[in-house]
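Reproduced below: model.cif, with mmCIF, C-alpha atoms and all ligand atoms.
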```cif
data_entry
#
loop_
_atom_site.label_atom_id
_atom_site.label_comp_id
_atom_site.auth_asym_id
_atom_site.auth_seq_id
_atom_site.Cartn_x
_atom_site.Cartn_y
_atom_site.Cartn_z
CA MET R 290 -3.66 -15.74 25.16
CA SER R 291 -7.21 -14.54 24.64
CA ARG R 292 -8.13 -13.16 21.24
CA ARG R 293 -11.48 -11.45 20.70
CA PRO R 294 -13.62 -13.53 18.33
CA PHE R 295 -14.17 -11.87 14.98
CA ILE R 296 -16.85 -12.70 12.43
CA ALA R 297 -16.72 -10.94 9.06
CA GLY R 298 -19.31 -11.18 6.30
CA ASN R 299 -18.14 -10.98 2.69
CA TRP R 300 -21.17 -9.98 0.60
CA LYS R 301 -19.23 -10.33 -2.67
CA LEU R 302 -21.19 -9.05 -5.70
CA HIS R 303 -24.55 -8.98 -3.92
CA LYS R 304 -26.91 -6.37 -2.49
CA THR R 305 -28.23 -3.18 -3.97
CA VAL R 306 -28.09 -0.14 -1.70
CA ALA R 307 -31.67 -0.74 -0.54
CA GLU R 308 -31.01 -4.43 0.14
CA ALA R 309 -27.81 -3.56 2.01
CA ARG R 310 -29.66 -1.09 4.26
CA GLU R 311 -32.34 -3.67 4.97
CA LEU R 312 -29.79 -6.34 5.94
CA ILE R 313 -28.02 -3.93 8.30
CA HIS R 314 -31.31 -3.06 9.97
CA GLU R 315 -32.02 -6.77 10.50
CA LEU R 316 -28.52 -7.44 11.83
CA ARG R 317 -28.77 -4.55 14.27
CA ARG R 318 -32.01 -6.03 15.58
CA GLU R 319 -30.49 -9.50 15.96
CA LEU R 320 -27.04 -8.64 17.27
CA VAL R 321 -27.49 -6.89 20.55
CA ASP R 322 -25.14 -7.63 23.45
CA VAL R 323 -22.88 -10.04 21.59
CA ASP R 324 -19.30 -10.01 22.79
CA VAL R 325 -17.90 -10.64 19.32
CA GLU R 326 -16.34 -8.24 16.86
CA VAL R 327 -18.38 -8.14 13.66
CA ALA R 328 -17.64 -6.61 10.26
CA VAL R 329 -19.54 -6.57 6.99
CA ALA R 330 -17.97 -6.12 3.56
CA PRO R 331 -20.58 -4.81 1.11
CA PRO R 332 -19.84 -4.06 -2.54
CA MET R 333 -18.18 -0.66 -3.08
CA THR R 334 -21.43 0.94 -4.24
CA ALA R 335 -23.09 0.28 -0.87
CA LEU R 336 -20.18 1.28 1.41
CA ASP R 337 -21.46 4.75 2.21
CA ALA R 338 -25.07 3.66 2.72
CA VAL R 339 -23.91 0.85 5.02
CA ARG R 340 -21.69 3.28 6.94
CA GLN R 341 -24.75 5.44 7.56
CA ALA R 342 -26.91 2.46 8.48
CA LEU R 343 -24.25 1.34 10.99
CA GLU R 344 -24.02 4.66 12.81
CA GLY R 345 -24.15 4.10 16.57
CA SER R 346 -23.57 0.34 16.16
CA SER R 347 -20.39 -1.60 16.98
CA ILE R 348 -20.45 -3.45 13.63
CA HIS R 349 -17.46 -2.44 11.50
CA LEU R 350 -17.39 -1.58 7.83
CA ALA R 351 -15.02 -3.52 5.56
CA ALA R 352 -14.16 -3.38 1.88
CA GLN R 353 -13.63 -6.39 -0.37
CA ASN R 354 -10.61 -5.10 -2.27
CA THR R 355 -8.31 -2.11 -2.71
CA TYR R 356 -5.38 -0.81 -4.74
CA HIS R 357 -1.95 -0.10 -3.29
CA GLU R 358 -1.59 3.49 -4.54
CA SER R 359 -3.39 6.33 -2.74
CA THR R 360 -4.37 8.61 -5.66
CA GLY R 361 -3.50 8.97 -9.32
CA ALA R 362 -4.32 7.85 -12.82
CA TYR R 363 -5.65 4.39 -11.92
CA THR R 364 -9.06 4.26 -13.56
CA GLY R 365 -11.49 1.99 -11.77
CA GLU R 366 -9.42 1.51 -8.64
CA VAL R 367 -10.21 2.46 -5.03
CA SER R 368 -7.42 3.14 -2.54
CA PRO R 369 -7.00 2.68 1.22
CA LEU R 370 -7.09 6.48 1.50
CA LEU R 371 -10.59 6.53 0.00
CA LEU R 372 -11.74 3.48 1.95
CA ALA R 373 -10.69 5.20 5.19
CA ASP R 374 -12.53 8.32 4.01
CA VAL R 375 -15.77 6.36 3.64
CA GLY R 376 -15.40 4.80 7.09
CA CYS R 377 -13.84 1.39 6.46
CA ARG R 378 -11.96 -0.24 9.31
CA TYR R 379 -11.04 -3.46 7.49
CA CYS R 380 -10.36 -4.60 3.93
CA ILE R 381 -10.18 -8.12 2.54
CA VAL R 382 -7.10 -8.78 0.39
CA GLY R 383 -5.99 -11.86 -1.51
CA HIS R 384 -9.41 -13.52 -1.61
CA SER R 385 -9.17 -16.65 -3.74
CA GLU R 386 -11.73 -15.24 -6.19
CA ARG R 387 -9.49 -12.23 -6.75
CA ARG R 388 -6.45 -14.49 -7.11
CA SER R 389 -8.10 -16.87 -9.59
CA LEU R 390 -10.40 -14.52 -11.55
CA PHE R 391 -8.50 -11.21 -11.45
CA GLY R 392 -4.86 -12.28 -11.37
CA GLU R 393 -4.06 -11.09 -7.85
CA THR R 394 -0.52 -12.17 -6.94
CA ASP R 395 1.24 -12.67 -3.62
CA ALA R 396 3.28 -9.53 -4.34
CA GLY R 397 0.07 -7.58 -4.99
CA VAL R 398 -1.44 -8.86 -1.74
CA HIS R 399 1.66 -7.68 0.15
CA ALA R 400 1.52 -4.23 -1.46
CA LYS R 401 -2.19 -3.86 -0.65
CA ALA R 402 -1.76 -5.03 2.94
CA ALA R 403 1.12 -2.57 3.45
CA ALA R 404 -0.87 0.31 1.95
CA LEU R 405 -3.88 -0.47 4.14
CA LEU R 406 -1.73 -0.48 7.27
CA ASP R 407 -0.20 2.85 6.22
CA HIS R 408 -3.71 4.34 6.18
CA GLY R 409 -4.83 2.85 9.48
CA LEU R 410 -6.96 0.04 8.05
CA SER R 411 -6.57 -3.60 8.99
CA PRO R 412 -6.09 -6.03 6.12
CA ILE R 413 -7.90 -9.36 6.29
CA VAL R 414 -5.32 -11.40 4.40
CA CYS R 415 -6.79 -14.50 2.75
CA VAL R 416 -4.73 -17.59 2.08
CA GLY R 417 -5.71 -21.12 1.10
CA GLU R 418 -4.77 -24.12 -0.97
CA ARG R 419 -6.56 -25.53 -4.01
CA LEU R 420 -8.01 -29.05 -3.95
CA GLU R 421 -5.22 -30.55 -6.05
CA GLU R 422 -2.64 -29.01 -3.73
CA ARG R 423 -4.34 -30.53 -0.67
CA GLU R 424 -4.61 -33.90 -2.39
CA ALA R 425 -0.91 -33.76 -3.24
CA GLY R 426 -0.12 -33.20 0.45
CA ARG R 427 1.03 -29.63 -0.21
CA ALA R 428 -1.60 -27.66 1.75
CA LEU R 429 0.74 -26.38 4.46
CA GLU R 430 3.54 -25.59 2.02
CA VAL R 431 1.17 -23.53 -0.16
CA VAL R 432 -0.54 -21.70 2.70
CA LEU R 433 2.68 -20.87 4.54
CA GLY R 434 4.23 -19.67 1.28
CA GLN R 435 1.30 -17.28 0.79
CA ILE R 436 1.60 -16.10 4.41
CA GLU R 437 5.34 -15.50 4.03
CA ALA R 438 4.88 -13.52 0.81
CA ALA R 439 1.92 -11.46 2.04
CA LEU R 440 3.23 -10.50 5.45
CA GLU R 441 7.02 -10.31 5.13
CA GLY R 442 8.31 -7.22 6.90
CA LEU R 443 4.87 -6.00 7.99
CA ALA R 444 3.91 -5.24 11.58
CA LEU R 445 1.24 -7.76 12.53
CA GLU R 446 -0.55 -5.89 15.33
CA GLU R 447 -3.43 -4.83 13.07
CA VAL R 448 -3.39 -7.76 10.65
CA VAL R 449 -6.10 -10.42 10.47
CA VAL R 450 -5.47 -13.67 8.58
CA ALA R 451 -8.22 -15.73 6.97
CA TYR R 452 -7.49 -19.36 6.10
CA GLU R 453 -9.90 -20.26 3.31
CA PRO R 454 -9.25 -23.57 1.55
CA VAL R 455 -10.25 -22.79 -2.03
CA TRP R 456 -12.14 -26.07 -2.40
CA ALA R 457 -14.41 -25.10 0.51
CA ILE R 458 -15.45 -21.64 -0.72
CA GLY R 459 -19.04 -21.55 -1.93
CA THR R 460 -19.06 -25.32 -2.44
CA GLY R 461 -20.83 -26.49 0.69
CA ARG R 462 -17.70 -28.51 1.56
CA THR R 463 -16.08 -27.48 4.83
CA ALA R 464 -12.69 -28.46 6.18
CA SER R 465 -13.08 -30.66 9.22
CA PRO R 466 -12.47 -28.73 12.43
CA GLN R 467 -9.34 -30.84 12.98
CA ASP R 468 -7.93 -30.18 9.50
CA ALA R 469 -8.66 -26.47 9.83
CA GLN R 470 -7.08 -26.35 13.29
CA GLU R 471 -3.95 -28.05 11.93
CA VAL R 472 -3.49 -25.29 9.33
CA HIS R 473 -4.34 -22.47 11.76
CA GLU R 474 -1.81 -23.80 14.25
CA ALA R 475 0.83 -24.06 11.53
CA ILE R 476 0.15 -20.47 10.47
CA ARG R 477 0.52 -19.23 14.05
CA THR R 478 3.72 -21.22 14.58
CA HIS R 479 5.12 -19.81 11.35
CA LEU R 480 4.19 -16.24 12.32
CA ALA R 481 5.82 -16.75 15.73
CA ALA R 482 9.03 -17.76 13.97
CA THR R 483 8.99 -14.82 11.56
CA HIS R 484 7.42 -12.06 13.71
CA GLY R 485 7.80 -13.15 17.34
CA PRO R 486 5.31 -13.03 20.23
CA VAL R 487 2.80 -10.82 18.36
CA ALA R 488 1.74 -14.05 16.58
CA GLN R 489 -0.20 -15.01 19.71
CA ARG R 490 -2.39 -11.93 19.25
CA VAL R 491 -3.07 -12.28 15.52
CA ARG R 492 -6.60 -13.43 14.81
CA ILE R 493 -6.80 -16.25 12.29
CA LEU R 494 -10.28 -16.69 10.81
CA TYR R 495 -11.57 -19.78 9.02
CA GLY R 496 -13.54 -19.36 5.81
CA GLY R 497 -15.22 -21.85 3.50
CA SER R 498 -18.94 -22.74 3.66
CA VAL R 499 -19.31 -21.66 7.30
CA LYS R 500 -22.97 -22.04 8.30
CA PRO R 501 -24.97 -21.99 11.53
CA ALA R 502 -24.75 -25.80 11.61
CA ASN R 503 -20.95 -26.04 11.52
CA ALA R 504 -19.80 -22.74 13.06
CA ALA R 505 -19.68 -23.72 16.73
CA GLU R 506 -17.46 -26.76 16.18
CA LEU R 507 -15.03 -24.83 13.99
CA LEU R 508 -14.92 -21.88 16.37
CA ALA R 509 -14.23 -24.17 19.32
CA GLN R 510 -10.78 -24.99 17.93
CA PRO R 511 -7.97 -23.30 19.88
CA ASP R 512 -6.43 -21.46 16.92
CA ILE R 513 -9.66 -20.59 15.08
CA ASP R 514 -10.48 -17.07 16.22
CA GLY R 515 -13.48 -16.35 14.04
CA ALA R 516 -14.86 -16.77 10.54
CA LEU R 517 -14.95 -15.07 7.18
CA VAL R 518 -18.42 -15.90 5.91
CA GLY R 519 -19.58 -15.61 2.31
CA GLY R 520 -22.97 -17.05 1.32
CA ALA R 521 -24.32 -17.30 4.85
CA SER R 522 -23.58 -13.61 5.49
CA LEU R 523 -26.22 -12.52 2.97
CA GLN R 524 -29.13 -13.08 5.34
CA ALA R 525 -29.51 -12.10 8.98
CA ALA R 526 -31.19 -15.46 9.61
CA THR R 527 -27.93 -17.29 8.84
CA PHE R 528 -25.29 -14.68 9.74
CA ALA R 529 -26.60 -13.79 13.20
CA PRO R 530 -26.52 -17.38 14.54
CA ILE R 531 -22.90 -17.71 13.35
CA VAL R 532 -22.00 -14.53 15.24
CA LYS R 533 -23.81 -15.77 18.32
CA SER R 534 -22.02 -19.11 18.22
CA ALA R 535 -18.72 -17.22 18.52
CA SER R 536 -19.72 -15.37 21.67
C1 LIG R 601 -15.74 -16.32 1.20
O1 LIG R 601 -16.15 -15.80 0.18
O2 LIG R 601 -14.78 -15.79 1.80
C2 LIG R 601 -16.37 -17.55 1.66
C3 LIG R 601 -15.82 -18.19 2.64
O3 LIG R 601 -17.53 -17.93 1.02
P1 LIG R 601 -18.55 -19.08 1.49
O4 LIG R 601 -18.80 -18.86 2.97
O5 LIG R 601 -19.78 -18.87 0.68
O6 LIG R 601 -17.88 -20.39 1.25
#
```
Can you dump the structure from the file as structure tokens?
Amino acid sequence: MSRRPFIAGNWKLHKTVAEARELIHELRRELVDVDVEVAVAPPMTALDAVRQALEGSSIHLAAQNTYHESTGAYTGEVSPLLLADVGCRYCIVGHSERRSLFGETDAGVHAKAAALLDHGLSPIVCVGERLEEREAGRALEVVLGQIEAALEGLALEEVVVAYEPVWAIGTGRTASPQDAQEVHEAIRTHLAATHGPVAQRVRILYGGSVKPANAAELLAQPDIDGALVGGASLQAATFAPIVKSAS
């Protein structure tokens, strides 16, 4: 089953509007004729400027977070309805930083993923174990539990999964390609059991200190269909080679 490689950049809390425009201009120069799907997730304040800077390009716009309601008295929140309005195609949900710093729960991740699908956006659903869970031999149990809770009852056609071991995010430590492949394969097997043959079409990205130096080996694994890239997505000089190594 062939799945189109997908590389997404999570800019987190970085980039003013001017810096965001500049990075998009550099990426457009670097990424011509790559047969890889690419998305960038700027901070909310730069979404509209990045949408404009991406006009006529095949790079997709993504958001880093959303709320499950569409409209209403929810001060400070942004909904899938509004993300679609500003041109987003994807939205990250369940990132470990949101889980650990902002109290995001599995139930919240499920509600957000469902709301995104209702509005025609694809959720990039992040899952991953903490270091103490891996060391206790519980990595698969934790990750599959998060998958089960986030995706139960949802149609998977438009869903992207990102396996991001928490201990590898922003730390410079990367899972070995073999360890990552083991988890990706387990996720796909689990999705096949719960959702059927569509599991073969679901793209499962790896995230956690992906860099130009380690991308090719990770992306060569049979169940690693792309990458969710944090730090290395902030500069064209590091993001573009990762994209190219997926093509
Ligand atoms: C991320 O934020 O999703 C991530 C994987 O970050 P980094 O690449 O910096 O580890």
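Between CA of Ala351 (chain R) and CA of Arg490 (chain R) the separation is 20.4 Å.
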_One-decimal distance in Å that lies between CA of Gly345 (chain R) and CA of Val306 (chain R)_ = 19.2 Å
*Report as a list in words which protein, DNA and RNA residues come within 8 Å of ligand LIG 601 (chain R), using only C-alpha atoms and all ligand atoms.*
Gly298, Asn299, Trp300, Lys301, His384, Ser385, Glu386, Glu453, Ala457, Ile458, Gly459, Thr460, Gly461, Tyr495, Gly496, Gly497, Ser498, Val499, Lys500, Leu517, Val518, Gly519, Gly520, Ala521 and Ser522 of chain R
*In Å, with one decimal, what is the gap from CA of Pro501 (chain R) to CA of Ile513 (chain R)?*
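About the pair CA of Pro501 (chain R) and CA of Ile513 (chain R): they are 15.8 Å apart.
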*Near Phe295 (chain R), counting all atoms listed in the file, which residues have an atom at most 12 Å away, once you skip same-chain residues fewer than 6 positions from it, shown as a PyMOL selection string?*
chain R and resi 323-329+348-349+379+413+449-451+491-496+508+513-518+531-536
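The shortest atom-to-atom distance to Gly434 (chain R), with all atoms listed in the file taken into account, belongs to R:Asp395 out of R:Glu446, R:Asp468, R:Glu421, R:Asp395.
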*Selected residue, from R:Val431, R:Ala338, R:Tyr363, R:Arg388, that lies nearest to Val375 (chain R) when counting only C-alpha atoms*: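 Result for the nearest residue to Val375 (chain R): R:Ala338.
Distances from R:Ala529, R:Ala335, R:Val455, R:Ala469 to Ser389 (chain R) were compared using only C-alpha atoms, and the smallest one belongs to R:Val455.
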*Identify, on the basis of all atoms listed in the file, every residue whose closest approach to region 308-314 of chain R does not exceed 8 Å; exclude the query and any residue fewer than 4 positions from it along the same chain; express the result as a PyMOL selection string.*
chain R and resi 304+318+331+335+338-339+342-343+523-525
_Within 7 Å of (-7.8, 3.2, -5.1) (file coordinates; all atoms listed in the file), which protein or nucleic acid residues are there? I'd like them as an NGL selection string._
:R and (355-360 or 366-369 or 371)
*asked:* Please determine, counting only C-alpha atoms, which residue among R:Val448, R:Ala402, R:Val382, R:Val472 has the shortest atom-to-atom distance to Glu430 (chain R).
replied: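 Closest to Glu430 (chain R), using only C-alpha atoms: R:Val472.
Among the candidate residues R:Ala488, R:Leu507, R:Ala439, R:Ala373, the one lying nearest to Gln467 (chain R) is R:Leu507, with distances computed using all atoms listed in the file.
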File contents for region 402-486 of chain R with C-alpha atoms as an mmCIF file, in the first residue's frame:
```cif
data_model
loop_
_atom_site.group_PDB
_atom_site.id
_atom_site.type_symbol
_atom_site.label_atom_id
_atom_site.label_comp_id
_atom_site.auth_asym_id
_atom_site.auth_seq_id
_atom_site.Cartn_x
_atom_site.Cartn_y
_atom_site.Cartn_z
ATOM 1 C CA ALA R 402 -10.435 15.532 16.191
ATOM 2 C CA ALA R 403 -14.170 14.903 15.657
ATOM 3 C CA ALA R 404 -14.905 18.630 15.343
ATOM 4 C CA LEU R 405 -12.082 19.097 12.834
ATOM 5 C CA LEU R 406 -13.374 16.234 10.688
ATOM 6 C CA ASP R 407 -16.885 17.733 10.817
ATOM 7 C CA HIS R 408 -15.475 20.931 9.295
ATOM 8 C CA GLY R 409 -13.405 19.226 6.612
ATOM 9 C CA LEU R 410 -10.016 19.588 8.300
ATOM 10 C CA SER R 411 -7.648 16.705 8.940
ATOM 11 C CA PRO R 412 -6.457 16.267 12.507
ATOM 12 C CA ILE R 413 -2.819 15.364 13.073
ATOM 13 C CA VAL R 414 -3.324 13.342 16.241
ATOM 14 C CA CYS R 415 -0.207 13.201 18.422
ATOM 15 C CA VAL R 416 0.489 10.314 20.760
ATOM 16 C CA GLY R 417 3.599 9.278 22.646
ATOM 17 C CA GLU R 418 4.925 7.825 25.858
ATOM 18 C CA ARG R 419 6.977 9.558 28.550
ATOM 19 C CA LEU R 420 10.487 8.355 29.388
ATOM 20 C CA GLU R 421 9.449 6.614 32.608
ATOM 21 C CA GLU R 422 6.696 4.785 30.726
ATOM 22 C CA ARG R 423 9.181 3.555 28.098
ATOM 23 C CA GLU R 424 11.638 2.506 30.794
ATOM 24 C CA ALA R 425 8.880 0.584 32.555
ATOM 25 C CA GLY R 426 8.173 -1.315 29.314
ATOM 26 C CA ARG R 427 4.799 0.393 28.902
ATOM 27 C CA ALA R 428 5.392 2.371 25.685
ATOM 28 C CA LEU R 429 3.023 0.363 23.490
ATOM 29 C CA GLU R 430 0.327 0.153 26.156
ATOM 30 C CA VAL R 431 0.386 3.951 26.636
ATOM 31 C CA VAL R 432 0.485 4.830 22.946
ATOM 32 C CA LEU R 433 -2.240 2.377 21.934
ATOM 33 C CA GLY R 434 -4.400 3.604 24.818
ATOM 34 C CA GLN R 435 -4.062 7.176 23.514
ATOM 35 C CA ILE R 436 -4.863 6.006 19.974
ATOM 36 C CA GLU R 437 -7.943 4.117 21.158
ATOM 37 C CA ALA R 438 -9.243 7.100 23.136
ATOM 38 C CA ALA R 439 -8.535 9.694 20.435
ATOM 39 C CA LEU R 440 -9.904 7.832 17.443
ATOM 40 C CA GLU R 441 -12.717 5.632 18.745
ATOM 41 C CA GLY R 442 -15.698 5.832 16.403
ATOM 42 C CA LEU R 443 -14.067 8.299 14.004
ATOM 43 C CA ALA R 444 -13.683 7.705 10.270
ATOM 44 C CA LEU R 445 -9.959 7.490 9.603
ATOM 45 C CA GLU R 446 -9.834 8.473 5.917
ATOM 46 C CA GLU R 447 -8.709 12.028 6.696
ATOM 47 C CA VAL R 448 -6.831 11.373 9.928
ATOM 48 C CA VAL R 449 -3.050 11.615 10.292
ATOM 49 C CA VAL R 450 -1.329 10.129 13.347
ATOM 50 C CA ALA R 451 1.959 11.422 14.745
ATOM 51 C CA TYR R 452 3.946 9.173 17.072
ATOM 52 C CA GLU R 453 6.096 11.490 19.174
ATOM 53 C CA PRO R 454 7.860 9.904 22.140
ATOM 54 C CA VAL R 455 7.766 12.684 24.729
ATOM 55 C CA TRP R 456 11.390 12.107 25.727
ATOM 56 C CA ALA R 457 12.497 12.816 22.139
ATOM 57 C CA ILE R 458 10.705 16.143 21.643
ATOM 58 C CA GLY R 459 13.076 19.094 21.649
ATOM 59 C CA THR R 460 15.722 17.080 23.490
ATOM 60 C CA GLY R 461 18.018 16.069 20.649
ATOM 61 C CA ARG R 462 17.301 12.410 21.535
ATOM 62 C CA THR R 463 15.652 10.464 18.734
ATOM 63 C CA ALA R 464 14.056 7.040 18.884
ATOM 64 C CA SER R 465 16.095 4.558 16.902
ATOM 65 C CA PRO R 466 14.513 3.833 13.523
ATOM 66 C CA GLN R 467 13.849 0.274 14.723
ATOM 67 C CA ASP R 468 12.149 1.372 17.963
ATOM 68 C CA ALA R 469 10.065 3.927 16.081
ATOM 69 C CA GLN R 470 9.094 1.363 13.439
ATOM 70 C CA GLU R 471 8.007 -1.060 16.168
ATOM 71 C CA VAL R 472 5.559 1.502 17.569
ATOM 72 C CA HIS R 473 4.324 2.617 14.134
ATOM 73 C CA GLU R 474 3.654 -0.978 13.153
ATOM 74 C CA ALA R 475 1.796 -1.586 16.416
ATOM 75 C CA ILE R 476 -0.338 1.512 15.820
ATOM 76 C CA ARG R 477 -1.234 0.348 12.313
ATOM 77 C CA THR R 478 -2.040 -3.176 13.504
ATOM 78 C CA HIS R 479 -4.239 -1.739 16.235
ATOM 79 C CA LEU R 480 -6.047 0.566 13.779
ATOM 80 C CA ALA R 481 -6.602 -2.380 11.432
ATOM 81 C CA ALA R 482 -8.262 -4.259 14.284
ATOM 82 C CA THR R 483 -10.474 -1.344 15.314
ATOM 83 C CA HIS R 484 -11.177 0.335 11.937
ATOM 84 C CA GLY R 485 -10.436 -2.255 9.243
ATOM 85 C CA PRO R 486 -8.567 -1.910 5.936
#
```
